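Colleague: Just one file: query-v1.cif, with mmCIF, C-alpha atoms.
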data_input
#
loop_
_atom_site.label_atom_id
_atom_site.label_comp_id
_atom_site.auth_asym_id
_atom_site.auth_seq_id
_atom_site.Cartn_x
_atom_site.Cartn_y
_atom_site.Cartn_z
CA MET C 11 0.00 0.00 0.00
CA LYS C 12 2.86 2.34 0.77
CA TYR C 13 4.30 2.00 -2.73
CA ILE C 14 0.90 2.53 -4.35
CA ALA C 15 0.41 5.70 -2.34
CA LEU C 16 3.84 7.01 -3.37
CA TYR C 17 3.08 6.22 -7.02
CA LEU C 18 -0.24 8.10 -6.90
CA LEU C 19 1.42 11.08 -5.22
CA PHE C 20 4.17 11.18 -7.83
CA SER C 21 1.58 10.97 -10.64
CA ILE C 22 -0.43 13.85 -9.19
CA ILE C 23 2.70 16.02 -8.86
CA LEU C 24 3.74 15.33 -12.50
CA THR C 25 0.23 16.05 -13.77
CA PHE C 26 0.08 19.33 -11.84
CA PHE C 27 3.56 20.31 -13.04
CA ALA C 28 2.69 19.47 -16.67
CA ARG C 29 -0.47 21.60 -16.58
CA LEU C 30 1.24 24.48 -14.79
CA TYR C 31 4.37 24.63 -16.99
CA ARG C 32 2.90 23.47 -20.28
CA PRO C 33 4.31 26.43 -22.30
CA LEU C 34 7.74 25.79 -20.79
CA ILE C 35 7.61 22.13 -21.78
CA ASP C 36 6.51 23.00 -25.36
CA TYR C 37 9.37 25.47 -25.67
CA ALA C 38 11.84 22.88 -24.34
CA ASN C 39 10.57 20.31 -26.84
CA ARG C 40 10.88 22.76 -29.72
CA TYR C 41 14.38 23.80 -28.61
CA ILE C 42 15.50 20.19 -28.28
CA VAL C 43 14.14 19.31 -31.74
CA GLU C 44 15.80 22.35 -33.33
CA SER C 45 19.07 21.52 -31.57
CA ILE C 46 18.94 17.95 -32.82
CA VAL C 47 18.28 19.16 -36.39
CA LEU C 48 21.07 21.72 -36.11
CA ILE C 49 23.54 19.12 -34.89
CA SER C 50 22.45 16.30 -37.22
CA TYR C 51 22.68 18.39 -40.43
CA PRO C 52 26.49 18.82 -40.43
CA VAL C 53 26.90 15.21 -39.32
CA THR C 54 24.66 14.02 -42.17
CA SER C 55 26.44 16.32 -44.60
CA PHE C 56 29.81 14.97 -43.47
CA LEU C 57 28.60 11.40 -43.89
CA ASP C 58 27.35 12.25 -47.38
CA ASP C 59 30.77 13.70 -48.25
CA VAL C 60 32.43 10.54 -46.92
CA LYS C 61 30.10 8.41 -49.07
CA VAL C 62 30.86 10.49 -52.19
CA PHE C 63 34.61 10.20 -51.52
CA THR C 64 34.31 6.44 -50.96
CA ASP C 65 32.34 6.01 -54.19
CA ARG C 66 34.94 8.01 -56.14
CA TYR C 67 37.77 6.00 -54.57
CA LEU C 68 36.08 2.75 -55.57
CA VAL C 69 35.65 4.11 -59.10
CA VAL C 70 39.37 5.00 -59.23
CA LEU C 71 40.29 1.50 -58.02
CA ASN C 72 38.05 -0.07 -60.67
CA GLN C 73 39.57 2.18 -63.35
CA LYS C 74 43.08 1.22 -62.24
CA LYS C 75 42.20 -2.46 -62.47
CA GLU C 76 40.61 -1.88 -65.86
CA ASN C 77 43.72 -0.04 -67.08
CA GLU C 78 45.93 -2.95 -66.00
CA LEU C 79 43.76 -5.39 -67.94
CA LEU C 80 43.78 -3.07 -70.97
CA LYS C 81 47.59 -2.80 -70.86
CA LYS C 82 47.87 -6.58 -70.90
CA ARG C 83 45.45 -6.76 -73.80
CA ILE C 84 47.30 -4.02 -75.72
CA VAL C 85 50.59 -5.91 -75.40
CA GLN C 86 48.93 -9.09 -76.68
CA LEU C 87 47.24 -7.26 -79.56
CA GLU C 88 50.47 -5.52 -80.59
CA LEU C 89 52.24 -8.88 -80.80
CA GLU C 90 49.33 -10.45 -82.68
CA ASN C 91 49.31 -7.50 -85.08
CA LYS C 92 53.00 -7.96 -85.85
CA PHE C 93 52.51 -11.64 -86.52
CA LEU C 94 49.51 -11.00 -88.76
CA LYS C 95 51.57 -8.52 -90.80
CA ALA C 96 54.05 -11.35 -91.39
CA GLN C 97 51.56 -12.86 -93.83
CA HIS C 98 52.38 -9.98 -96.21
CA CYS C 99 56.16 -10.25 -95.81
CA ALA C 100 58.35 -11.94 -98.39
CA PRO C 101 58.87 -15.63 -97.53
CA ALA C 102 62.13 -16.35 -95.75
CA ARG C 103 64.75 -18.45 -97.44
CA GLU C 104 65.70 -21.41 -95.35
CA PRO C 105 69.35 -21.45 -94.16
CA GLY C 106 69.88 -24.85 -95.74
CA LEU C 107 68.71 -23.77 -99.21
CA LYS C 108 71.40 -24.25 -101.88
CA GLY C 109 72.95 -20.91 -102.81
CA GLY C 110 71.30 -19.21 -99.82
CA ILE C 111 74.42 -19.26 -97.65
CA ILE C 112 77.44 -16.98 -97.90
CA ARG C 113 80.53 -18.05 -95.99
CA GLY C 114 82.67 -15.64 -94.05
CA LYS C 115 85.29 -15.20 -91.35
CA PHE C 116 84.82 -12.83 -88.43
CA LYS C 117 86.64 -11.12 -85.62
CA PHE C 118 85.76 -8.87 -82.70
CA LYS C 119 87.23 -5.42 -82.18
CA ASN C 120 88.62 -6.66 -78.86
CA ASN C 121 87.94 -9.46 -76.42
CA PHE C 122 85.67 -7.31 -74.27
CA ASN C 123 83.43 -5.89 -76.97
CA ILE C 124 81.17 -8.53 -78.47
CA ASP C 125 78.30 -6.14 -79.33
CA PHE C 126 79.57 -6.06 -82.91
CA MET C 127 81.53 -8.46 -85.10
CA PHE C 128 83.48 -7.69 -88.26
CA ILE C 129 83.06 -10.18 -91.10
CA GLN C 130 84.92 -10.80 -94.36
CA LEU C 131 82.49 -12.42 -96.81
CA GLU C 132 83.28 -14.56 -99.84
CA LYS C 133 81.02 -12.31 -101.93
CA PRO C 134 79.24 -8.97 -101.37
CA VAL C 135 75.62 -8.58 -100.28
CA ASP C 136 72.97 -5.94 -101.00
CA LEU C 137 71.78 -4.50 -97.68
CA LYS C 138 69.61 -1.94 -99.42
CA HIS C 139 67.19 -4.58 -100.67
CA HIS C 140 67.94 -7.47 -98.32
CA ASN C 141 68.04 -8.27 -94.60
CA CYS C 142 71.11 -10.38 -93.92
CA SER C 143 71.37 -12.54 -90.81
CA VAL C 144 74.55 -14.03 -89.36
CA PHE C 145 74.67 -17.67 -88.22
CA SER C 146 77.27 -19.77 -86.48
CA THR C 147 78.49 -22.96 -88.19
CA ASP C 148 75.84 -24.76 -86.09
CA MET C 149 73.21 -22.52 -87.73
CA HIS C 150 72.44 -20.57 -84.55
CA LEU C 151 71.36 -16.97 -85.10
CA ILE C 152 74.12 -14.72 -83.74
CA GLY C 153 73.70 -11.37 -85.47
CA LYS C 154 72.51 -9.12 -88.28
CA LEU C 155 74.55 -7.23 -90.90
CA ILE C 156 74.07 -3.47 -90.56
CA LYS C 157 76.72 -1.82 -92.78
CA HIS C 158 79.87 -2.16 -94.86
CA LYS C 159 83.09 -0.70 -93.47
CA GLY C 160 86.36 -0.99 -95.42
CA SER C 161 86.96 -4.62 -96.24
CA PHE C 162 84.58 -5.79 -93.49
CA TRP C 163 80.85 -6.10 -93.02
CA VAL C 164 79.73 -4.97 -89.56
CA ALA C 165 77.16 -7.12 -87.77
CA LYS C 166 75.21 -6.32 -84.65
CA THR C 167 75.26 -9.42 -82.43
CA VAL C 168 72.62 -10.97 -80.20
CA PHE C 169 74.60 -9.58 -77.25
CA ASN C 170 73.92 -6.00 -78.30
CA SER C 171 71.20 -4.29 -76.21
CA SER C 172 69.65 -2.81 -79.39
CA PHE C 173 69.35 -6.21 -81.10
CA VAL C 174 65.65 -7.08 -81.44
CA ALA C 175 64.04 -10.08 -83.10
CA ASP C 176 60.50 -11.38 -83.38
CA ALA C 177 60.56 -14.74 -81.64
CA TYR C 178 58.62 -17.64 -80.23
CA ILE C 179 59.27 -20.28 -77.59
CA VAL C 180 58.24 -23.91 -77.85
CA SER C 181 57.42 -25.47 -74.47
CA ASN C 182 55.46 -28.65 -73.77
CA GLY C 183 54.33 -28.74 -77.39
CA LEU C 184 52.87 -25.23 -77.21
CA THR C 185 54.15 -22.11 -78.97
CA TYR C 186 54.38 -18.76 -77.17
CA ARG C 187 55.06 -15.48 -78.98
CA ALA C 188 57.69 -13.10 -77.63
CA LEU C 189 60.09 -10.34 -78.52
CA PHE C 190 63.76 -11.24 -78.21
CA ILE C 191 66.00 -8.43 -76.92
CA GLY C 192 69.77 -8.85 -76.89
CA ASN C 193 72.01 -8.19 -73.92
CA LEU C 194 75.62 -8.86 -72.98
CA TYR C 195 74.69 -10.71 -69.79
CA LYS C 196 70.95 -11.43 -69.89
CA PRO C 197 69.41 -11.73 -73.37
CA LYS C 198 65.67 -12.19 -72.97
CA ALA C 199 62.42 -13.09 -74.69
CA GLU C 200 59.98 -10.45 -73.44
CA PHE C 201 56.20 -9.82 -73.44
CA LEU C 202 55.23 -13.45 -73.09
CA ASP C 203 51.63 -14.25 -72.18
CA PRO C 204 51.32 -13.93 -68.34
CA ASN C 205 49.70 -17.40 -68.30
CA ALA C 206 52.42 -19.03 -70.40
CA VAL C 207 54.00 -22.13 -68.88
CA ILE C 208 57.64 -22.05 -69.97
CA LYS C 209 59.98 -24.89 -69.03
CA ILE C 210 63.65 -24.22 -68.40
CA GLY C 211 65.60 -25.42 -71.44
CA SER C 212 62.82 -24.59 -73.91
CA LYS C 213 64.07 -23.48 -77.33
CA VAL C 214 63.77 -19.92 -78.59
CA TYR C 215 63.41 -19.27 -82.34
CA ALA C 216 63.05 -16.26 -84.63
CA SER C 217 59.52 -16.32 -86.06
CA GLY C 218 60.18 -14.35 -89.24
CA ALA C 219 57.12 -12.21 -88.54
CA PHE C 220 58.97 -8.94 -89.15
CA GLY C 221 60.48 -10.24 -92.37
CA VAL C 222 63.97 -9.58 -90.99
CA PHE C 223 65.25 -13.01 -89.92
CA PRO C 224 64.69 -16.40 -91.55
CA ARG C 225 61.74 -18.18 -90.02
CA GLY C 226 62.68 -20.85 -87.47
CA SER C 227 66.21 -19.54 -86.83
CA PHE C 228 67.43 -21.01 -83.54
CA ILE C 229 68.49 -18.36 -80.99
CA GLY C 230 69.00 -20.12 -77.66
CA ARG C 231 67.41 -21.86 -74.70
CA VAL C 232 65.41 -20.53 -71.76
CA SER C 233 67.51 -20.31 -68.60
CA SER C 234 64.94 -18.70 -66.26
CA VAL C 235 61.48 -17.06 -66.28
CA THR C 236 60.14 -14.09 -64.33
CA ASN C 237 56.69 -12.51 -64.04
CA VAL C 238 56.43 -8.72 -64.48
CA ASN C 239 53.58 -7.48 -62.25
CA ASN C 240 51.28 -10.06 -63.87
CA TYR C 241 51.38 -7.99 -67.09
CA TYR C 242 53.61 -10.43 -68.93
CA LYS C 243 56.44 -12.90 -68.45
CA VAL C 244 60.10 -12.59 -69.39
CA ALA C 245 62.21 -15.60 -70.32
CA TYR C 246 65.97 -15.11 -70.02
CA VAL C 247 67.84 -16.84 -72.82
CA SER C 248 71.12 -18.73 -72.70
CA ILE C 249 73.06 -18.39 -75.97
CA ASP C 250 75.78 -20.80 -77.07
CA LYS C 251 79.09 -18.87 -77.20
CA SER C 252 81.19 -21.69 -78.61
CA PHE C 253 81.24 -19.92 -81.99
CA PHE C 254 83.70 -17.39 -80.49
CA ASN C 255 86.54 -19.81 -81.22
CA GLN C 256 85.37 -21.02 -84.64
CA TRP C 257 86.06 -17.79 -86.58
CA ASN C 258 83.70 -18.91 -89.31
CA VAL C 259 80.13 -17.78 -89.89
CA TYR C 260 77.35 -18.06 -92.46
CA VAL C 261 75.27 -15.15 -93.75
CA VAL C 262 71.72 -15.68 -95.07
CA CYS C 263 69.92 -12.84 -96.88
CA ILE C 264 66.19 -12.46 -97.51
CA LYS C 265 64.38 -9.75 -99.49
CA LYS C 266 63.00 -6.82 -97.51
#
So, in terms of structure tokens, how does the structure I just supplied come out?

Modeller:
Amino acid sequence: MKYIALYLLFSIILTFFARLYRPLIDYANRYIVESIVLISYPVTSFLDDVKVFTDRYLVVLNQKKENELLKKRIVQLELENKFLKAQHCAPAREPGLKGGIIRGKFKFKNNFNIDFMFIQLEKPVDLKHHNCSVFSTDMHLIGKLIKHKGSFWVAKTVFNSSFVADAYIVSNGLTYRALFIGNLYKPKAEFLDPNAVIKIGSKVYASGAFGVFPRGSFIGRVSSVTNVNNYYKVAYVSIDKSFFNQWNVYVVCIKK
């Protein structure tokens, strides 16, 4: 009974207070509502700004991912385009074709500079209308004639950093297109498909797609493979240097 009496007393006091100070309560309610609106607006605005920033950031991330995919596709299309153009190039003469080989002897300027070799040929060649490739006696591609100097023909070798050849790699019965780039220490076959499975020891050949080197010319073997940011793979190529001590080479010319 005591608790009921206290409850009734408290109810009567609240009712009396509410009737007596009704205007004050209405004003307090209006003030509280206005305060809440005033405070919530900047908070809501800030949250909207955060959402806009987040949406833009996600768009930028998606664009970056799209750009990466496009770069991969561009590299693949550029290589495919070069190989398709090969259909309009003059057919390459095979190194073993009778009359297609010119013998010569070569030397280097010194023992430390193998970027270029100097060759004395049994008969002259026409570099204006022909691309002339240099082969070892084992018929491995080792260079390309670039000019005539005195009694010698100058050839850029596969160890020169500016030596470039259209190429392909045969691995596990599959053929992968690439671009061979010469180097003194690490010649490489670049821009391989990022999904290519290349075995160590796989053979690297010139494809003849540019119409510069005879189709199927052996260059070297794969010594290692690296992945470049998932854009493409690079296969480093080991080149047989035993021709250094042979002093004899073959030159094969094809029409430009």

Colleague: Mind listing whatever residues come within 7 Å of the point (79.0, -18.2, -97.1)? Use only C-alpha atoms, file coordinates, and give them as a VMD selection string.

Modeller: chain C and resid 111 to 114 131 to 132 260 to 261

Colleague: Of the candidates C:His158, C:Lys198, C:Lys133, C:Arg231, which shows the shortest atom-to-atom distance to Ser181 of chain C, using only C-alpha atoms?

Modeller: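 So, comparing all the options, the nearest one is C:Arg231.
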
Colleague: Decode the PyMOL selection byres ((chain C and resi 125) around 10) for the given file into explicit residues and return them as a PyMOL selection string.

Modeller: chain C and resi 118-119+122-124+126-127+153+165-173+192-194

Colleague: Would you save the residues of that selection, restricted to C-alpha atoms, as a JSON list (two decimals), in the coordinates of the input?

Modeller:
[["chain", "number", "residue", "atom", "x", "y", "z"],
["C", 118, "PHE", "CA", 85.76, -8.87, -82.70],
["C", 119, "LYS", "CA", 87.23, -5.42, -82.18],
["C", 122, "PHE", "CA", 85.67, -7.31, -74.27],
["C", 123, "ASN", "CA", 83.43, -5.89, -76.97],
["C", 124, "ILE", "CA", 81.17, -8.53, -78.47],
["C", 126, "PHE", "CA", 79.57, -6.06, -82.91],
["C", 127, "MET", "CA", 81.53, -8.46, -85.10],
["C", 153, "GLY", "CA", 73.70, -11.37, -85.47],
["C", 165, "ALA", "CA", 77.16, -7.12, -87.77],
["C", 166, "LYS", "CA", 75.21, -6.32, -84.65],
["C", 167, "THR", "CA", 75.26, -9.42, -82.43],
["C", 168, "VAL", "CA", 72.62, -10.97, -80.20],
["C", 169, "PHE", "CA", 74.60, -9.58, -77.25],
["C", 170, "ASN", "CA", 73.92, -6.00, -78.30],
["C", 171, "SER", "CA", 71.20, -4.29, -76.21],
["C", 172, "SER", "CA", 69.65, -2.81, -79.39],
["C", 173, "PHE", "CA", 69.35, -6.21, -81.10],
["C", 192, "GLY", "CA", 69.77, -8.85, -76.89],
["C", 193, "ASN", "CA", 72.01, -8.19, -73.92],
["C", 194, "LEU", "CA", 75.62, -8.86, -72.98]]

Colleague: Would you mind reading off the distance between atom CA of Lys209 of chain C and atom CA of Asn237 of chain C, one decimal, in Å?

Modeller: 13.7 Å

Colleague: Name the residues that the PyMOL selection byres ((chain C and resi 136) around 10) pulls out of this structure, and write them as a PyMOL selection string.

Modeller: chain C and resi 134-135+137-142+157-158+263+265

Colleague: Using the chain letters and numbering of this document, enumerate as number ranges by chain the residues selected by the PyMOL selection byres ((chain C and resi 250) around 9).

Modeller: C: 150, 229-231, 248-249, 251-253

Colleague: Keeping only C-alpha atoms, write the selected residues as a CSV table (one decimal), keeping the file's coordinate frame.

Modeller:
chain,number,residue,atom,x,y,z
C,150,HIS,CA,72.4,-20.6,-84.6
C,229,ILE,CA,68.5,-18.4,-81.0
C,230,GLY,CA,69.0,-20.1,-77.7
C,231,ARG,CA,67.4,-21.9,-74.7
C,248,SER,CA,71.1,-18.7,-72.7
C,249,ILE,CA,73.1,-18.4,-76.0
C,251,LYS,CA,79.1,-18.9,-77.2
C,252,SER,CA,81.2,-21.7,-78.6
C,253,PHE,CA,81.2,-19.9,-82.0

Colleague: Could you state the separation of atom CA of Leu184 of chain C and atom CA of Phe145 of chain C in Å, given to one decimal place?

Modeller: 25.6 Å

Colleague: Hey, can you check how far atom CA of Gln256 of chain C sits from atom CA of Thr147 of chain C?

Modeller: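 So the answer is 8.0 Å.
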
Colleague: Looking at all atoms listed in the file, which of C:Val244, C:Ile208, C:Ile129, C:Val214 is the one that sits closest to Val164 of chain C?

Modeller: C:Ile129

Colleague: Which is closer to Ile179 of chain C than all the others in C:Tyr241, C:Phe223, C:Phe116, C:Tyr246, using all atoms listed in the file?

Modeller: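 Closest candidate: C:Tyr246.
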
Colleague: List the neighbours of Glu200 of chain C out to 8 Å using only C-alpha atoms; skip same-chain residues closer than 4 positions along the sequence, and give me the result as a ChimeraX atom specification.

Modeller: /C:188-191,242-245

Colleague: Can you work out which one of C:Arg225, C:Lys159, C:Lys196, C:Lys154 has the shortest atom-to-atom distance to Tyr178 of chain C, counting only C-alpha atoms?

Modeller: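 Answer, going by the shortest atom-to-atom distance: C:Arg225.
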
Colleague: Can you put N, CA and C atoms back into segment 147-172 of chain C and show it as a PDB file, in the coordinates of the input?

Modeller:
ATOM      1  N   THR C 147      78.389 -21.751 -87.347  1.00  0.00           N
ATOM      2  CA  THR C 147      78.490 -22.960 -88.190  1.00  0.00           C
ATOM      3  C   THR C 147      77.473 -24.017 -87.762  1.00  0.00           C
ATOM      4  N   ASP C 148      76.902 -23.868 -86.556  1.00  0.00           N
ATOM      5  CA  ASP C 148      75.840 -24.760 -86.090  1.00  0.00           C
ATOM      6  C   ASP C 148      74.464 -24.247 -86.482  1.00  0.00           C
ATOM      7  N   MET C 149      74.434 -23.153 -87.269  1.00  0.00           N
ATOM      8  CA  MET C 149      73.210 -22.520 -87.730  1.00  0.00           C
ATOM      9  C   MET C 149      72.389 -21.930 -86.585  1.00  0.00           C
ATOM     10  N   HIS C 150      73.089 -21.328 -85.608  1.00  0.00           N
ATOM     11  CA  HIS C 150      72.440 -20.570 -84.550  1.00  0.00           C
ATOM     12  C   HIS C 150      72.499 -19.090 -84.919  1.00  0.00           C
ATOM     13  N   LEU C 151      71.396 -18.390 -84.794  1.00  0.00           N
ATOM     14  CA  LEU C 151      71.360 -16.970 -85.100  1.00  0.00           C
ATOM     15  C   LEU C 151      72.227 -16.195 -84.111  1.00  0.00           C
ATOM     16  N   ILE C 152      73.205 -15.433 -84.633  1.00  0.00           N
ATOM     17  CA  ILE C 152      74.120 -14.720 -83.740  1.00  0.00           C
ATOM     18  C   ILE C 152      74.236 -13.234 -84.088  1.00  0.00           C
ATOM     19  N   GLY C 153      73.579 -12.789 -85.156  1.00  0.00           N
ATOM     20  CA  GLY C 153      73.700 -11.370 -85.470  1.00  0.00           C
ATOM     21  C   GLY C 153      72.976 -10.968 -86.734  1.00  0.00           C
ATOM     22  N   LYS C 154      73.143  -9.682 -87.083  1.00  0.00           N
ATOM     23  CA  LYS C 154      72.510  -9.120 -88.280  1.00  0.00           C
ATOM     24  C   LYS C 154      73.461  -8.095 -88.892  1.00  0.00           C
ATOM     25  N   LEU C 155      73.707  -8.206 -90.213  1.00  0.00           N
ATOM     26  CA  LEU C 155      74.550  -7.230 -90.900  1.00  0.00           C
ATOM     27  C   LEU C 155      73.866  -5.862 -90.907  1.00  0.00           C
ATOM     28  N   ILE C 156      74.662  -4.808 -90.590  1.00  0.00           N
ATOM     29  CA  ILE C 156      74.070  -3.470 -90.560  1.00  0.00           C
ATOM     30  C   ILE C 156      74.757  -2.483 -91.509  1.00  0.00           C
ATOM     31  N   LYS C 157      76.039  -2.746 -91.873  1.00  0.00           N
ATOM     32  CA  LYS C 157      76.720  -1.820 -92.780  1.00  0.00           C
ATOM     33  C   LYS C 157      78.026  -2.430 -93.286  1.00  0.00           C
ATOM     34  N   HIS C 158      78.588  -1.752 -94.283  1.00  0.00           N
ATOM     35  CA  HIS C 158      79.870  -2.160 -94.860  1.00  0.00           C
ATOM     36  C   HIS C 158      80.922  -1.133 -94.442  1.00  0.00           C
ATOM     37  N   LYS C 159      82.049  -1.606 -93.954  1.00  0.00           N
ATOM     38  CA  LYS C 159      83.090  -0.700 -93.470  1.00  0.00           C
ATOM     39  C   LYS C 159      84.454  -1.232 -93.923  1.00  0.00           C
ATOM     40  N   GLY C 160      85.069  -0.536 -94.893  1.00  0.00           N
ATOM     41  CA  GLY C 160      86.360  -0.990 -95.420  1.00  0.00           C
ATOM     42  C   GLY C 160      86.212  -2.334 -96.094  1.00  0.00           C
ATOM     43  N   SER C 161      87.027  -3.268 -95.672  1.00  0.00           N
ATOM     44  CA  SER C 161      86.960  -4.620 -96.240  1.00  0.00           C
ATOM     45  C   SER C 161      86.061  -5.541 -95.406  1.00  0.00           C
ATOM     46  N   PHE C 162      85.414  -4.981 -94.392  1.00  0.00           N
ATOM     47  CA  PHE C 162      84.580  -5.790 -93.490  1.00  0.00           C
ATOM     48  C   PHE C 162      83.108  -5.386 -93.578  1.00  0.00           C
ATOM     49  N   TRP C 163      82.264  -6.357 -93.240  1.00  0.00           N
ATOM     50  CA  TRP C 163      80.850  -6.100 -93.020  1.00  0.00           C
ATOM     51  C   TRP C 163      80.619  -6.113 -91.511  1.00  0.00           C
ATOM     52  N   VAL C 164      79.957  -5.077 -91.008  1.00  0.00           N
ATOM     53  CA  VAL C 164      79.730  -4.970 -89.560  1.00  0.00           C
ATOM     54  C   VAL C 164      78.385  -5.594 -89.220  1.00  0.00           C
ATOM     55  N   ALA C 165      78.394  -6.452 -88.208  1.00  0.00           N
ATOM     56  CA  ALA C 165      77.160  -7.120 -87.770  1.00  0.00           C
ATOM     57  C   ALA C 165      76.888  -6.804 -86.306  1.00  0.00           C
ATOM     58  N   LYS C 166      75.650  -6.493 -86.033  1.00  0.00           N
ATOM     59  CA  LYS C 166      75.210  -6.320 -84.650  1.00  0.00           C
ATOM     60  C   LYS C 166      74.892  -7.705 -84.098  1.00  0.00           C
ATOM     61  N   THR C 167      75.439  -8.062 -82.952  1.00  0.00           N
ATOM     62  CA  THR C 167      75.260  -9.420 -82.430  1.00  0.00           C
ATOM     63  C   THR C 167      74.067  -9.499 -81.473  1.00  0.00           C
ATOM     64  N   VAL C 168      73.725 -10.729 -81.132  1.00  0.00           N
ATOM     65  CA  VAL C 168      72.620 -10.970 -80.200  1.00  0.00           C
ATOM     66  C   VAL C 168      72.957 -10.505 -78.791  1.00  0.00           C
ATOM     67  N   PHE C 169      74.206 -10.085 -78.570  1.00  0.00           N
ATOM     68  CA  PHE C 169      74.600  -9.580 -77.250  1.00  0.00           C
ATOM     69  C   PHE C 169      74.509  -8.058 -77.177  1.00  0.00           C
ATOM     70  N   ASN C 170      74.086  -7.452 -78.270  1.00  0.00           N
ATOM     71  CA  ASN C 170      73.920  -6.000 -78.300  1.00  0.00           C
ATOM     72  C   ASN C 170      72.533  -5.639 -77.750  1.00  0.00           C
ATOM     73  N   SER C 171      72.473  -4.644 -76.862  1.00  0.00           N
ATOM     74  CA  SER C 171      71.200  -4.290 -76.210  1.00  0.00           C
ATOM     75  C   SER C 171      70.172  -3.724 -77.186  1.00  0.00           C
ATOM     76  N   SER C 172      70.607  -3.335 -78.392  1.00  0.00           N
ATOM     77  CA  SER C 172      69.650  -2.810 -79.390  1.00  0.00           C
ATOM     78  C   SER C 172      69.266  -3.877 -80.417  1.00  0.00           C
TER      79      SER C 172
END
